[in-house]
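One file, final_34.txt, is given below (compact mmCIF, C-alpha atoms).
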# COMPACT_ATOMS: atom_id res chain seq x y z
CA MET A 1 -7.18 22.33 -16.42
CA ALA A 2 -10.19 21.29 -18.45
CA ARG A 3 -11.66 18.05 -19.74
CA ILE A 4 -12.08 18.28 -23.51
CA LEU A 5 -13.96 16.06 -25.94
CA ILE A 6 -12.46 15.91 -29.44
CA SER A 7 -14.24 14.16 -32.31
CA SER A 8 -11.98 13.17 -35.18
CA GLY A 9 -11.81 11.35 -38.50
CA PRO A 10 -14.54 10.20 -40.88
CA THR A 11 -17.40 7.79 -40.26
CA ARG A 12 -18.58 5.03 -42.59
CA GLU A 13 -22.12 4.24 -43.68
CA TYR A 14 -22.36 0.73 -45.14
CA LEU A 15 -24.49 -0.17 -48.19
CA ASP A 16 -23.74 -3.87 -47.69
CA PRO A 17 -21.07 -5.84 -45.79
CA VAL A 18 -18.33 -4.54 -48.12
CA ARG A 19 -19.19 -1.13 -49.59
CA TYR A 20 -19.66 2.14 -47.73
CA LEU A 21 -20.00 5.88 -48.06
CA THR A 22 -17.29 7.97 -46.45
CA ASN A 23 -14.91 10.90 -47.03
CA GLY A 24 -11.16 11.43 -47.01
CA SER A 25 -10.81 12.77 -43.47
CA SER A 26 -7.56 11.39 -42.07
CA GLY A 27 -7.91 12.40 -38.40
CA ARG A 28 -4.76 14.57 -38.69
CA MET A 29 -6.48 17.72 -37.45
CA GLY A 30 -8.09 15.82 -34.56
CA SER A 31 -4.77 14.23 -33.68
CA ALA A 32 -2.98 17.61 -33.76
CA LEU A 33 -5.69 19.09 -31.51
CA ALA A 34 -5.42 16.17 -29.08
CA ARG A 35 -1.62 16.68 -28.89
CA GLN A 36 -2.07 20.40 -28.15
CA ALA A 37 -4.65 19.65 -25.48
CA VAL A 38 -2.37 17.09 -23.82
CA LEU A 39 0.63 19.45 -24.03
CA ARG A 40 -1.39 22.14 -22.27
CA GLY A 41 -2.29 19.74 -19.47
CA HIS A 42 -5.92 19.06 -20.30
CA ASP A 43 -7.75 15.73 -19.98
CA VAL A 44 -8.73 14.56 -23.44
CA VAL A 45 -11.35 12.14 -24.73
CA VAL A 46 -11.08 11.44 -28.47
CA VAL A 47 -14.01 9.86 -30.31
CA THR A 48 -12.63 8.79 -33.66
CA GLY A 49 -13.84 7.09 -36.82
CA PRO A 50 -11.61 4.57 -38.65
CA VAL A 51 -8.22 6.20 -39.31
CA SER A 52 -4.63 4.97 -39.50
CA ILE A 53 -3.27 8.01 -37.62
CA GLU A 54 -2.19 7.74 -33.97
CA TYR A 55 -3.50 9.81 -31.06
CA PRO A 56 -1.38 10.87 -28.04
CA PRO A 57 -1.41 8.02 -25.48
CA PRO A 58 -2.61 9.97 -22.42
CA ALA A 59 -5.89 10.65 -24.23
CA THR A 60 -8.82 8.28 -23.83
CA ILE A 61 -9.54 6.94 -27.34
CA ILE A 62 -12.99 5.69 -28.30
CA ARG A 63 -13.20 4.08 -31.73
CA VAL A 64 -16.45 4.12 -33.70
CA VAL A 65 -17.50 3.33 -37.27
CA SER A 66 -20.88 4.90 -38.08
CA THR A 67 -22.29 8.37 -37.46
CA PHE A 68 -24.84 6.92 -35.01
CA GLU A 69 -22.02 5.34 -33.00
CA MET A 70 -20.08 8.63 -33.02
CA LEU A 71 -23.18 10.50 -31.84
CA ASP A 72 -23.78 8.07 -28.97
CA ALA A 73 -20.16 8.23 -27.81
CA CYS A 74 -20.02 12.04 -28.06
CA VAL A 75 -23.30 12.55 -26.18
CA GLU A 76 -22.17 10.17 -23.43
CA HIS A 77 -18.79 11.85 -22.93
CA PHE A 78 -19.75 15.49 -23.49
CA LYS A 79 -21.72 15.39 -20.22
CA ASP A 80 -18.46 15.10 -18.28
CA CYS A 81 -16.46 17.60 -20.36
CA ASP A 82 -15.95 21.34 -20.23
CA GLY A 83 -16.06 21.69 -23.97
CA VAL A 84 -16.04 19.91 -27.31
CA ILE A 85 -13.93 20.36 -30.44
CA ALA A 86 -15.85 18.73 -33.26
CA ALA A 87 -13.09 18.06 -35.78
CA ALA A 88 -14.63 14.87 -37.17
CA ALA A 89 -16.15 14.67 -40.63
CA PRO A 90 -19.08 12.34 -39.97
CA CYS A 91 -20.77 10.91 -43.04
CA ASP A 92 -24.00 12.91 -43.15
CA PHE A 93 -25.97 10.59 -45.44
CA ARG A 94 -26.56 6.88 -44.98
CA PRO A 95 -28.31 4.26 -47.12
CA LYS A 96 -31.95 4.01 -46.04
CA SER A 97 -31.62 0.24 -45.85
CA GLY A 98 -28.32 -1.61 -45.77
CA GLU A 99 -28.13 -5.01 -47.48
CA ALA A 100 -27.12 -8.06 -45.43
CA GLN A 101 -25.33 -9.62 -48.42
CA LYS A 102 -22.92 -8.09 -50.91
CA ILE A 103 -24.91 -6.46 -53.73
CA SER A 104 -24.22 -8.35 -56.97
CA LYS A 105 -23.65 -6.65 -60.28
CA SER A 106 -26.63 -7.16 -62.57
CA GLY A 107 -25.75 -4.88 -65.48
CA GLU A 108 -28.59 -2.59 -64.41
CA GLU A 109 -28.48 0.79 -62.73
CA LEU A 110 -28.89 0.74 -58.99
CA SER A 111 -30.97 3.34 -57.22
CA LEU A 112 -29.76 4.05 -53.72
CA GLU A 113 -32.00 5.91 -51.28
CA LEU A 114 -30.01 8.01 -48.85
CA VAL A 115 -31.29 9.60 -45.66
CA GLU A 116 -29.55 12.16 -43.48
CA THR A 117 -27.70 11.00 -40.39
CA PRO A 118 -28.12 12.83 -37.06
CA ASP A 119 -26.27 16.15 -36.80
CA ILE A 120 -23.78 15.50 -33.99
CA VAL A 121 -22.68 19.13 -33.54
CA ALA A 122 -26.28 20.37 -33.40
CA ARG A 123 -27.10 17.72 -30.76
CA LEU A 124 -24.09 18.68 -28.64
CA GLY A 125 -24.84 22.39 -29.05
CA ALA A 126 -28.41 21.79 -27.89
CA MET A 127 -27.29 19.95 -24.74
CA LYS A 128 -24.65 22.53 -23.66
CA ARG A 129 -24.94 23.55 -20.02
CA PRO A 130 -23.88 27.05 -18.85
CA GLY A 131 -20.08 27.17 -18.91
CA GLN A 132 -19.72 24.43 -21.51
CA TRP A 133 -18.40 25.50 -24.91
CA ALA A 134 -18.42 24.01 -28.42
CA LEU A 135 -16.04 24.60 -31.31
CA ALA A 136 -17.10 23.10 -34.64
CA PHE A 137 -15.46 22.70 -38.05
CA ALA A 138 -17.17 23.46 -41.37
CA LEU A 139 -15.96 22.19 -44.71
CA GLU A 140 -17.50 24.13 -47.56
CA THR A 141 -16.89 24.25 -51.31
CA GLN A 142 -18.76 27.51 -51.95
CA ASP A 143 -20.15 30.48 -50.03
CA GLY A 144 -18.06 29.29 -47.08
CA TYR A 145 -18.25 32.28 -44.73
CA ARG A 146 -22.01 32.64 -44.88
CA ARG A 147 -22.63 28.90 -44.52
CA ALA A 148 -20.15 28.51 -41.67
CA LEU A 149 -21.61 31.44 -39.74
CA ASP A 150 -25.10 30.05 -40.28
CA LYS A 151 -23.99 26.64 -38.95
CA LEU A 152 -22.29 28.23 -35.94
CA ARG A 153 -25.46 30.09 -34.93
CA ARG A 154 -27.99 27.38 -35.83
CA LYS A 155 -26.05 24.71 -33.93
CA ASN A 156 -25.43 26.83 -30.82
CA CYS A 157 -21.63 26.77 -31.13
CA ASP A 158 -19.14 29.31 -29.75
CA LEU A 159 -16.55 29.19 -32.52
CA ILE A 160 -16.40 27.59 -35.95
CA VAL A 161 -13.34 26.78 -38.04
CA LEU A 162 -13.94 27.06 -41.78
CA ASN A 163 -11.83 25.10 -44.22
CA ASP A 164 -12.17 23.82 -47.78
CA PRO A 165 -11.63 20.38 -49.38
CA SER A 166 -7.94 21.10 -50.01
CA ALA A 167 -7.51 20.63 -46.24
CA ILE A 168 -8.58 16.97 -46.35
CA ASP A 169 -5.64 14.70 -45.50
CA ALA A 170 -3.26 17.65 -46.14
CA ALA A 171 -0.28 18.41 -43.91
CA ALA A 172 -0.58 22.21 -44.16
CA THR A 173 -3.62 24.33 -44.78
CA GLN A 174 -5.34 27.66 -44.10
CA VAL A 175 -8.49 28.09 -42.04
CA GLN A 176 -10.71 30.86 -40.71
CA ILE A 177 -11.87 30.93 -37.11
CA ILE A 178 -15.27 32.64 -36.94
CA ASP A 179 -17.10 33.78 -33.82
CA PRO A 180 -20.87 34.31 -33.31
CA ALA A 181 -20.50 38.03 -34.19
CA GLY A 182 -19.07 36.96 -37.55
CA ILE A 183 -15.58 38.20 -36.75
CA THR A 184 -12.95 36.16 -38.57
CA MET A 185 -9.35 35.29 -37.75
CA THR A 186 -7.28 33.64 -40.50
CA VAL A 187 -4.66 31.06 -39.50
CA GLN A 188 -2.31 29.14 -41.75
CA GLY A 189 0.44 26.57 -41.34
CA THR A 190 0.75 22.91 -40.52
CA LYS A 191 -2.13 21.24 -38.71
CA ASP A 192 0.01 21.46 -35.53
CA ASP A 193 0.34 25.24 -36.05
CA ILE A 194 -3.40 25.56 -36.56
CA ALA A 195 -4.16 23.39 -33.52
CA SER A 196 -1.90 25.65 -31.45
CA SER A 197 -3.66 28.80 -32.69
CA ILE A 198 -7.04 27.25 -31.93
CA PHE A 199 -5.93 26.48 -28.37
CA ASP A 200 -4.53 30.01 -27.92
CA ARG A 201 -8.00 31.23 -28.80
CA LEU A 202 -9.76 28.68 -26.55
CA ASP A 203 -7.39 29.64 -23.71
CA ARG A 204 -8.34 33.30 -24.02
CA GLU A 205 -12.06 32.69 -24.30
CA PHE A 206 -12.82 29.63 -22.21
CA LEU A 207 -9.84 28.01 -20.52
CA SER A 208 -7.93 30.69 -18.62
CA ALA A 209 -8.56 31.08 -14.87
CA GLU A 210 -9.21 34.79 -15.30
CA ASN A 211 -12.08 34.12 -17.63
CA PRO A 212 -15.51 34.65 -16.08
CA ARG A 213 -17.01 31.99 -18.35
CA LEU A 214 -14.88 29.31 -16.71
CA ARG A 215 -16.95 27.01 -14.56
CA MET B 216 12.29 -13.97 -64.02
CA ALA B 217 8.93 -12.54 -64.90
CA ARG B 218 7.35 -9.11 -65.02
CA ILE B 219 4.20 -9.10 -62.90
CA LEU B 220 1.38 -6.57 -62.60
CA ILE B 221 -0.27 -6.43 -59.18
CA SER B 222 -3.40 -4.36 -58.57
CA SER B 223 -4.01 -3.47 -54.93
CA GLY B 224 -6.19 -1.51 -52.55
CA PRO B 225 -9.64 0.02 -53.00
CA THR B 226 -10.77 2.68 -55.44
CA ARG B 227 -12.98 5.67 -54.67
CA GLU B 228 -16.03 6.88 -56.61
CA TYR B 229 -16.92 10.45 -55.65
CA LEU B 230 -20.51 11.72 -55.22
CA ASP B 231 -19.26 15.29 -54.81
CA PRO B 232 -15.89 16.87 -53.92
CA VAL B 233 -16.00 15.41 -50.41
CA ARG B 234 -18.02 12.17 -50.26
CA TYR B 235 -17.28 8.90 -51.98
CA LEU B 236 -18.15 5.22 -52.20
CA THR B 237 -15.38 2.80 -51.32
CA ASN B 238 -14.60 -0.34 -49.30
CA GLY B 239 -12.23 -1.27 -46.49
CA SER B 240 -9.47 -2.80 -48.62
CA SER B 241 -6.14 -1.84 -47.00
CA GLY B 242 -3.72 -2.99 -49.72
CA ARG B 243 -2.13 -5.45 -47.26
CA MET B 244 -2.63 -8.47 -49.53
CA GLY B 245 -1.30 -6.55 -52.54
CA SER B 246 1.68 -5.36 -50.53
CA ALA B 247 2.43 -8.90 -49.28
CA LEU B 248 2.21 -10.19 -52.86
CA ALA B 249 4.53 -7.44 -54.11
CA ARG B 250 7.07 -8.34 -51.39
CA GLN B 251 6.95 -12.02 -52.39
CA ALA B 252 7.37 -11.15 -56.06
CA VAL B 253 10.36 -8.91 -55.30
CA LEU B 254 11.92 -11.56 -52.99
CA ARG B 255 11.65 -14.10 -55.81
CA GLY B 256 13.42 -11.77 -58.20
CA HIS B 257 10.52 -10.66 -60.36
CA ASP B 258 9.94 -7.20 -61.80
CA VAL B 259 6.81 -5.76 -60.21
CA VAL B 260 4.40 -3.02 -61.24
CA VAL B 261 1.83 -2.16 -58.55
CA VAL B 262 -1.29 -0.20 -59.51
CA THR B 263 -2.81 0.88 -56.21
CA GLY B 264 -5.80 2.85 -54.98
CA PRO B 265 -5.47 5.20 -51.97
CA VAL B 266 -3.93 3.25 -49.06
CA SER B 267 -1.65 4.09 -46.16
CA ILE B 268 0.33 0.84 -46.50
CA GLU B 269 3.81 0.82 -48.07
CA TYR B 270 4.94 -1.23 -51.05
CA PRO B 271 8.48 -2.65 -51.49
CA PRO B 272 10.69 0.05 -53.04
CA PRO B 273 12.01 -1.90 -56.04
CA ALA B 274 8.45 -2.15 -57.38
CA THR B 275 7.12 0.51 -59.74
CA ILE B 276 4.16 2.09 -57.92
CA ILE B 277 1.33 3.74 -59.84
CA ARG B 278 -1.23 5.53 -57.68
CA VAL B 279 -4.83 5.92 -58.85
CA VAL B 280 -8.11 6.99 -57.26
CA SER B 281 -11.07 5.82 -59.36
CA THR B 282 -11.88 2.49 -61.00
CA PHE B 283 -11.53 4.08 -64.46
CA GLU B 284 -8.03 5.25 -63.57
CA MET B 285 -7.14 1.79 -62.24
CA LEU B 286 -8.45 0.21 -65.45
CA ASP B 287 -6.41 2.54 -67.65
CA ALA B 288 -3.20 1.95 -65.70
CA CYS B 289 -3.71 -1.84 -65.62
CA VAL B 290 -4.47 -2.09 -69.35
CA GLU B 291 -1.41 0.01 -70.18
CA HIS B 292 0.98 -2.04 -68.02
CA PHE B 293 -0.45 -5.52 -68.57
CA LYS B 294 0.75 -5.38 -72.19
CA ASP B 295 4.36 -5.54 -70.97
CA CYS B 296 3.81 -8.10 -68.22
CA ASP B 297 3.85 -11.90 -68.10
CA GLY B 298 0.93 -12.05 -65.75
CA VAL B 299 -1.39 -10.13 -63.47
CA ILE B 300 -2.43 -10.63 -59.86
CA ALA B 301 -5.65 -8.67 -59.39
CA ALA B 302 -5.69 -8.17 -55.62
CA ALA B 303 -7.40 -4.77 -55.73
CA ALA B 304 -10.97 -4.24 -54.59
CA PRO B 305 -12.13 -1.65 -57.13
CA CYS B 306 -15.38 0.08 -56.33
CA ASP B 307 -17.77 -1.56 -58.79
CA PHE B 308 -20.52 1.04 -58.66
CA ARG B 309 -20.17 4.77 -59.22
CA PRO B 310 -22.64 7.67 -59.02
CA LYS B 311 -24.16 8.24 -62.47
CA SER B 312 -23.41 11.95 -62.16
CA GLY B 313 -21.02 13.44 -59.64
CA GLU B 314 -21.83 16.88 -58.21
CA ALA B 315 -19.30 19.70 -58.65
CA GLN B 316 -20.22 21.20 -55.24
CA LYS B 317 -20.71 19.55 -51.88
CA ILE B 318 -24.30 18.27 -51.61
CA SER B 319 -26.08 20.24 -48.88
CA LYS B 320 -28.39 18.66 -46.36
CA SER B 321 -31.98 19.60 -47.07
CA GLY B 322 -33.87 17.38 -44.62
CA GLU B 323 -35.13 15.36 -47.58
CA GLU B 324 -34.14 11.88 -48.77
CA LEU B 325 -31.60 11.81 -51.52
CA SER B 326 -31.89 9.36 -54.38
CA LEU B 327 -28.53 8.38 -55.79
CA GLU B 328 -28.35 6.63 -59.16
CA LEU B 329 -25.43 4.22 -59.36
CA VAL B 330 -24.04 2.61 -62.50
CA GLU B 331 -21.51 -0.22 -62.71
CA THR B 332 -17.87 0.61 -63.28
CA PRO B 333 -15.84 -1.33 -65.88
CA ASP B 334 -14.79 -4.85 -64.81
CA ILE B 335 -10.98 -4.60 -64.74
CA VAL B 336 -10.32 -8.33 -64.37
CA ALA B 337 -12.65 -9.20 -67.24
CA ARG B 338 -10.93 -6.62 -69.45
CA LEU B 339 -7.47 -7.98 -68.63
CA GLY B 340 -8.69 -11.57 -69.11
CA ALA B 341 -10.05 -10.66 -72.53
CA MET B 342 -6.75 -9.09 -73.64
CA LYS B 343 -4.51 -11.99 -72.50
CA ARG B 344 -2.03 -13.16 -75.13
CA PRO B 345 -0.86 -16.81 -75.26
CA GLY B 346 1.55 -17.33 -72.35
CA GLN B 347 0.12 -14.51 -70.26
CA TRP B 348 -1.71 -15.54 -67.08
CA ALA B 349 -4.21 -13.90 -64.75
CA LEU B 350 -4.91 -14.56 -61.08
CA ALA B 351 -7.96 -12.81 -59.64
CA PHE B 352 -9.42 -12.41 -56.16
CA ALA B 353 -13.10 -12.82 -55.30
CA LEU B 354 -14.72 -11.54 -52.15
CA GLU B 355 -18.08 -13.18 -51.54
CA THR B 356 -20.51 -13.16 -48.62
CA GLN B 357 -22.55 -16.17 -49.78
CA ASP B 358 -22.31 -19.08 -52.23
CA GLY B 359 -18.61 -18.26 -52.54
CA TYR B 360 -17.27 -21.32 -54.35
CA ARG B 361 -19.88 -21.27 -57.12
CA ARG B 362 -19.59 -17.50 -57.62
CA ALA B 363 -15.80 -17.51 -57.61
CA LEU B 364 -15.59 -20.37 -60.13
CA ASP B 365 -18.12 -18.61 -62.32
CA LYS B 366 -16.05 -15.39 -62.20
CA LEU B 367 -12.85 -17.30 -62.96
CA ARG B 368 -14.34 -18.85 -66.11
CA ARG B 369 -16.35 -15.87 -67.28
CA LYS B 370 -13.39 -13.49 -66.93
CA ASN B 371 -10.86 -15.84 -68.59
CA CYS B 372 -8.62 -16.14 -65.53
CA ASP B 373 -6.25 -18.99 -64.68
CA LEU B 374 -6.64 -19.01 -60.91
CA ILE B 375 -8.97 -17.27 -58.47
CA VAL B 376 -8.47 -16.68 -54.76
CA LEU B 377 -11.72 -16.72 -52.77
CA ASN B 378 -11.99 -14.89 -49.49
CA ASP B 379 -14.76 -13.41 -47.36
CA PRO B 380 -15.26 -9.98 -45.72
CA SER B 381 -13.41 -11.07 -42.54
CA ALA B 382 -10.25 -10.82 -44.69
CA ILE B 383 -10.65 -7.05 -45.23
CA ASP B 384 -7.87 -5.16 -43.47
CA ALA B 385 -7.13 -8.31 -41.39
CA ALA B 386 -3.58 -9.48 -40.63
CA ALA B 387 -4.36 -13.22 -40.87
CA THR B 388 -7.03 -14.96 -42.88
CA GLN B 389 -7.98 -18.12 -44.79
CA VAL B 390 -8.50 -18.31 -48.56
CA GLN B 391 -9.22 -20.90 -51.22
CA ILE B 392 -7.26 -21.00 -54.46
CA ILE B 393 -9.51 -22.36 -57.21
CA ASP B 394 -8.45 -23.46 -60.71
CA PRO B 395 -10.58 -23.62 -63.91
CA ALA B 396 -11.40 -27.28 -63.24
CA GLY B 397 -12.89 -26.21 -59.90
CA ILE B 398 -10.15 -27.85 -57.84
CA THR B 399 -9.61 -26.02 -54.57
CA MET B 400 -6.58 -25.59 -52.34
CA THR B 401 -7.13 -24.02 -48.89
CA VAL B 402 -4.42 -21.78 -47.45
CA GLN B 403 -4.40 -20.01 -44.11
CA GLY B 404 -2.03 -17.79 -42.18
CA THR B 405 -0.83 -14.23 -42.29
CA LYS B 406 -1.13 -12.36 -45.56
CA ASP B 407 2.62 -12.95 -46.04
CA ASP B 408 2.05 -16.72 -45.65
CA ILE B 409 -0.79 -16.61 -48.14
CA ALA B 410 1.24 -14.53 -50.60
CA SER B 411 4.03 -17.11 -50.35
CA SER B 412 1.61 -19.99 -51.03
CA ILE B 413 0.16 -18.13 -54.00
CA PHE B 414 3.66 -17.65 -55.45
CA ASP B 415 4.51 -21.33 -54.84
CA ARG B 416 1.49 -22.14 -56.97
CA LEU B 417 2.31 -19.53 -59.63
CA ASP B 418 5.89 -20.87 -59.75
CA ARG B 419 4.65 -24.39 -60.44
CA GLU B 420 2.10 -23.39 -63.04
CA PHE B 421 3.50 -20.37 -64.83
CA LEU B 422 6.87 -19.15 -63.60
CA SER B 423 9.27 -22.11 -63.51
CA ALA B 424 11.60 -22.61 -66.48
CA GLU B 425 10.41 -26.20 -66.89
CA ASN B 426 6.87 -25.10 -67.49
CA PRO B 427 5.77 -25.39 -71.12
CA ARG B 428 3.35 -22.46 -70.66
CA LEU B 429 6.27 -20.13 -70.00
CA ARG B 430 6.80 -17.78 -72.89
Could you render the structure from this file as structure tokens?
Amino acid sequence: MARILISSGPTREYLDPVRYLTNGSSGRMGSALARQAVLRGHDVVVVTGPVSIEYPPPATIIRVVSTFEMLDACVEHFKDCDGVIAAAAPCDFRPKSGEAQKISKSGEELSLELVETPDIVARLGAMKRPGQWALAFALETQDGYRRALDKLRRKNCDLIVLNDPSAIDAAATQVQIIDPAGITMTVQGTKDDIASSIFDRLDREFLSAENPRLR
Amino acid sequence: MARILISSGPTREYLDPVRYLTNGSSGRMGSALARQAVLRGHDVVVVTGPVSIEYPPPATIIRVVSTFEMLDACVEHFKDCDGVIAAAAPCDFRPKSGEAQKISKSGEELSLELVETPDIVARLGAMKRPGQWALAFALETQDGYRRALDKLRRKNCDLIVLNDPSAIDAAATQVQIIDPAGITMTVQGTKDDIASSIFDRLDREFLSAENPRLR
């Protein structure tokens, strides 16, 4: 059995005490993956942004708000894990300076300077030890295959799951699982179906006792 | 019995197909108010942004995403209502131009121009007919009483409920109900308790048969 880190849900980047940048990630995919992992007897650590979905109780759940907090929690827990499934959709821009008080309406335009947040998957990929594996998700609105494959290689991942915005908060969807050679496997169904297919693939490549890559 | 419009929840203002500006409004206060209204025998129309909370089934539920959509739905339904309770937290800034494709990370800062969205409460206040009433909510992080009273008067409301960010997505909270003369009543408890106190006040001022302001 393995110990698996799963990141899930969105993060929030606050402009002021009330308003924030985020996305519609519901944590459903992360929750479905955590259920599969538990069903297959693995130890699971879930690092999740703010969501209303539930995770399976045997999993250790770590709740975070911002991308920085998600990065810190993932880096801390990845050390003790065999692999990571990065299913979260961290907010990848944040306001350069957050305001301590609620921004008042003035009738004028407001110019907001955004800076990029740390790339969590790239950081985890860079810290992988021999035997550790990383599966990432990519959400693209155009040129998906090329961008996903580029992300997979650049961020030192072992597999990447490509989906499009129709997957956000949806019950059923279709994804492509891409490996470093660019070979693609298409999977469709509910998020539970997709989570099961992803674990079948992880089992074959990283989790089965016969596999030489197993620690 | 009266017909009451209740706005509830946050709105979203998209930067691109994935990312948006919003706030942590959960719709709990709007849902508690809708339950009170239904319990007291009123007809209820709820215009709500994206939330995971449920509203009481006898209410008519209209689901919207953006502040413009919330404005349109509120203006359309307020015409046929005796009063409005504006418990929503519409996003009051939006990106000047949304991108059709997901914004890619470039390593550079990103300057985002924001413009104000229409003020829904002010628009409803301005269209009030004799006999119609409007109760608004104000969320302030500083100088709350002065700002709330100013909003109440400027937006032609009859009552305003002042709360602070600790109320967002909280089960229990404390609010102040302020009238146009600046007289304040403090109420605390669960959101159901607060909804009940708000309806006690509405009953006295606008909804009881003995009240001369009743249409």
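Closest to Leu139 (chain A) among A:Asn23, A:Ser7, A:Ser197, A:Thr67 is A:Asn23, based on all atoms listed in the file.
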Residue list for chain A near chain B as a VMD selection string, 9 Å, all atoms listed in the file: chain A and resid 14 17 to 24 52 91 to 93 96 100 to 102 105 to 116 139 to 142 165 168
What are the centre and edge lengths in Å, to one decimal, of the axis-aligned box around all listed atoms of region 232-251 of chain B with 8 Å added on each side, as AutoDock Vina command-line options?
--center_x -5.5 --center_y 2.4 --center_z -50.3 --size_x 41.2 --size_y 44.9 --size_z 23.6
Contact residues around Cys157 (chain A) with all atoms listed in the file at 7 Å, ignoring same-chain residues under 4 positions, as a PyMOL selection string: chain A and resi 125+134-136+152-153
When you look at Gly242 (chain B) with a cut-off of 8 Å (counting only C-alpha atoms), what residues show up, excluding the ones that are within fewer than 6 positions of it in the same chain? I need them as a PDB file with C-alpha atoms, in the coordinates of the input.
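File out_11.pdb, as written:
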ATOM      1  CA  SER B 223      -4.010  -3.470 -54.930  1.00  0.00           C
ATOM      2  CA  GLY B 224      -6.190  -1.510 -52.550  1.00  0.00           C
ATOM      3  CA  PRO B 225      -9.640   0.020 -53.000  1.00  0.00           C
ATOM      4  CA  THR B 263      -2.810   0.880 -56.210  1.00  0.00           C
ATOM      5  CA  VAL B 266      -3.930   3.250 -49.060  1.00  0.00           C
ATOM      6  CA  ILE B 268       0.330   0.840 -46.500  1.00  0.00           C
ATOM      7  CA  ALA B 303      -7.400  -4.770 -55.730  1.00  0.00           C
ATOM      8  CA  ASP B 384      -7.870  -5.160 -43.470  1.00  0.00           C
TER       9      ASP B 384
END
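The smallest atom-to-atom distance between Ser246 (chain B) and any of B:Ser423, B:Gln389, B:Thr399, B:Ser411, using all atoms listed in the file, is found for B:Ser411.
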Separation of CA of Arg3 (chain A) from CA of Val75 (chain A) in Å: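 Interatomic distance here is 14.4 Å.
In this model, the gap between CA of Ile178 (chain A) and CA of Pro118 (chain A) comes to 23.6 Å.
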Show me, as an mmCIF file with C-alpha atoms, in the coordinates of the input, the residues that have an atom within 12 Å of Leu417 (chain B) when counting all atoms listed in the file, minus same-chain residues fewer than 5 positions from it.
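Below is the file part_22.cif, written as the result:
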data_model
loop_
_atom_site.group_PDB
_atom_site.id
_atom_site.type_symbol
_atom_site.label_atom_id
_atom_site.label_comp_id
_atom_site.auth_asym_id
_atom_site.auth_seq_id
_atom_site.Cartn_x
_atom_site.Cartn_y
_atom_site.Cartn_z
ATOM 1 C CA ALA B 217 8.930 -12.540 -64.900
ATOM 2 C CA ILE B 219 4.200 -9.100 -62.900
ATOM 3 C CA LEU B 248 2.210 -10.190 -52.860
ATOM 4 C CA GLN B 251 6.950 -12.020 -52.390
ATOM 5 C CA ALA B 252 7.370 -11.150 -56.060
ATOM 6 C CA ARG B 255 11.650 -14.100 -55.810
ATOM 7 C CA ASP B 297 3.850 -11.900 -68.100
ATOM 8 C CA GLY B 298 0.930 -12.050 -65.750
ATOM 9 C CA VAL B 299 -1.390 -10.130 -63.470
ATOM 10 C CA ILE B 300 -2.430 -10.630 -59.860
ATOM 11 C CA GLN B 347 0.120 -14.510 -70.260
ATOM 12 C CA TRP B 348 -1.710 -15.540 -67.080
ATOM 13 C CA ALA B 349 -4.210 -13.900 -64.750
ATOM 14 C CA LEU B 350 -4.910 -14.560 -61.080
ATOM 15 C CA ASP B 373 -6.250 -18.990 -64.680
ATOM 16 C CA LEU B 374 -6.640 -19.010 -60.910
ATOM 17 C CA ILE B 375 -8.970 -17.270 -58.470
ATOM 18 C CA ILE B 392 -7.260 -21.000 -54.460
ATOM 19 C CA ASP B 394 -8.450 -23.460 -60.710
ATOM 20 C CA ALA B 410 1.240 -14.530 -50.600
ATOM 21 C CA SER B 411 4.030 -17.110 -50.350
ATOM 22 C CA SER B 412 1.610 -19.990 -51.030
ATOM 23 C CA LEU B 422 6.870 -19.150 -63.600
ATOM 24 C CA SER B 423 9.270 -22.110 -63.510
ATOM 25 C CA ALA B 424 11.600 -22.610 -66.480
ATOM 26 C CA ASN B 426 6.870 -25.100 -67.490
ATOM 27 C CA ARG B 428 3.350 -22.460 -70.660
ATOM 28 C CA LEU B 429 6.270 -20.130 -70.000
#
Long-range neighbours of region 336-339 of chain B as a list in words, 8 Å cut-off, all atoms listed in the file, 2 positions minimum in chain: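 Final neighbour list, sorted by chain and number: Cys289, Val290, Phe293, Ala301, Asp334, Ala341, Met342, Lys343, Ala349, Ala351, Arg369, Lys370 and Asn371 of chain B.
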File contents for region 411-415 of chain B with N, CA, C and O atoms as a compact mmCIF listing (two decimals), in the first residue's frame:
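Saved as decode-v7.txt:
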# COMPACT_ATOMS: atom_id res chain seq x y z
N SER B 411 -35.63 36.07 11.91
CA SER B 411 -36.89 36.21 12.63
C SER B 411 -37.05 37.63 13.17
O SER B 411 -38.12 38.24 13.04
N SER B 412 -35.97 38.18 13.74
CA SER B 412 -36.03 39.56 14.26
C SER B 412 -36.27 40.56 13.14
O SER B 412 -36.99 41.55 13.32
N ILE B 413 -35.65 40.32 11.99
CA ILE B 413 -35.86 41.22 10.85
C ILE B 413 -37.33 41.17 10.42
O ILE B 413 -37.94 42.21 10.16
N PHE B 414 -37.92 39.98 10.41
CA PHE B 414 -39.34 39.89 10.00
C PHE B 414 -40.27 40.46 11.06
O PHE B 414 -41.31 41.03 10.72
N ASP B 415 -39.89 40.35 12.35
CA ASP B 415 -40.70 41.03 13.39
C ASP B 415 -40.76 42.53 13.09
O ASP B 415 -41.81 43.15 13.18
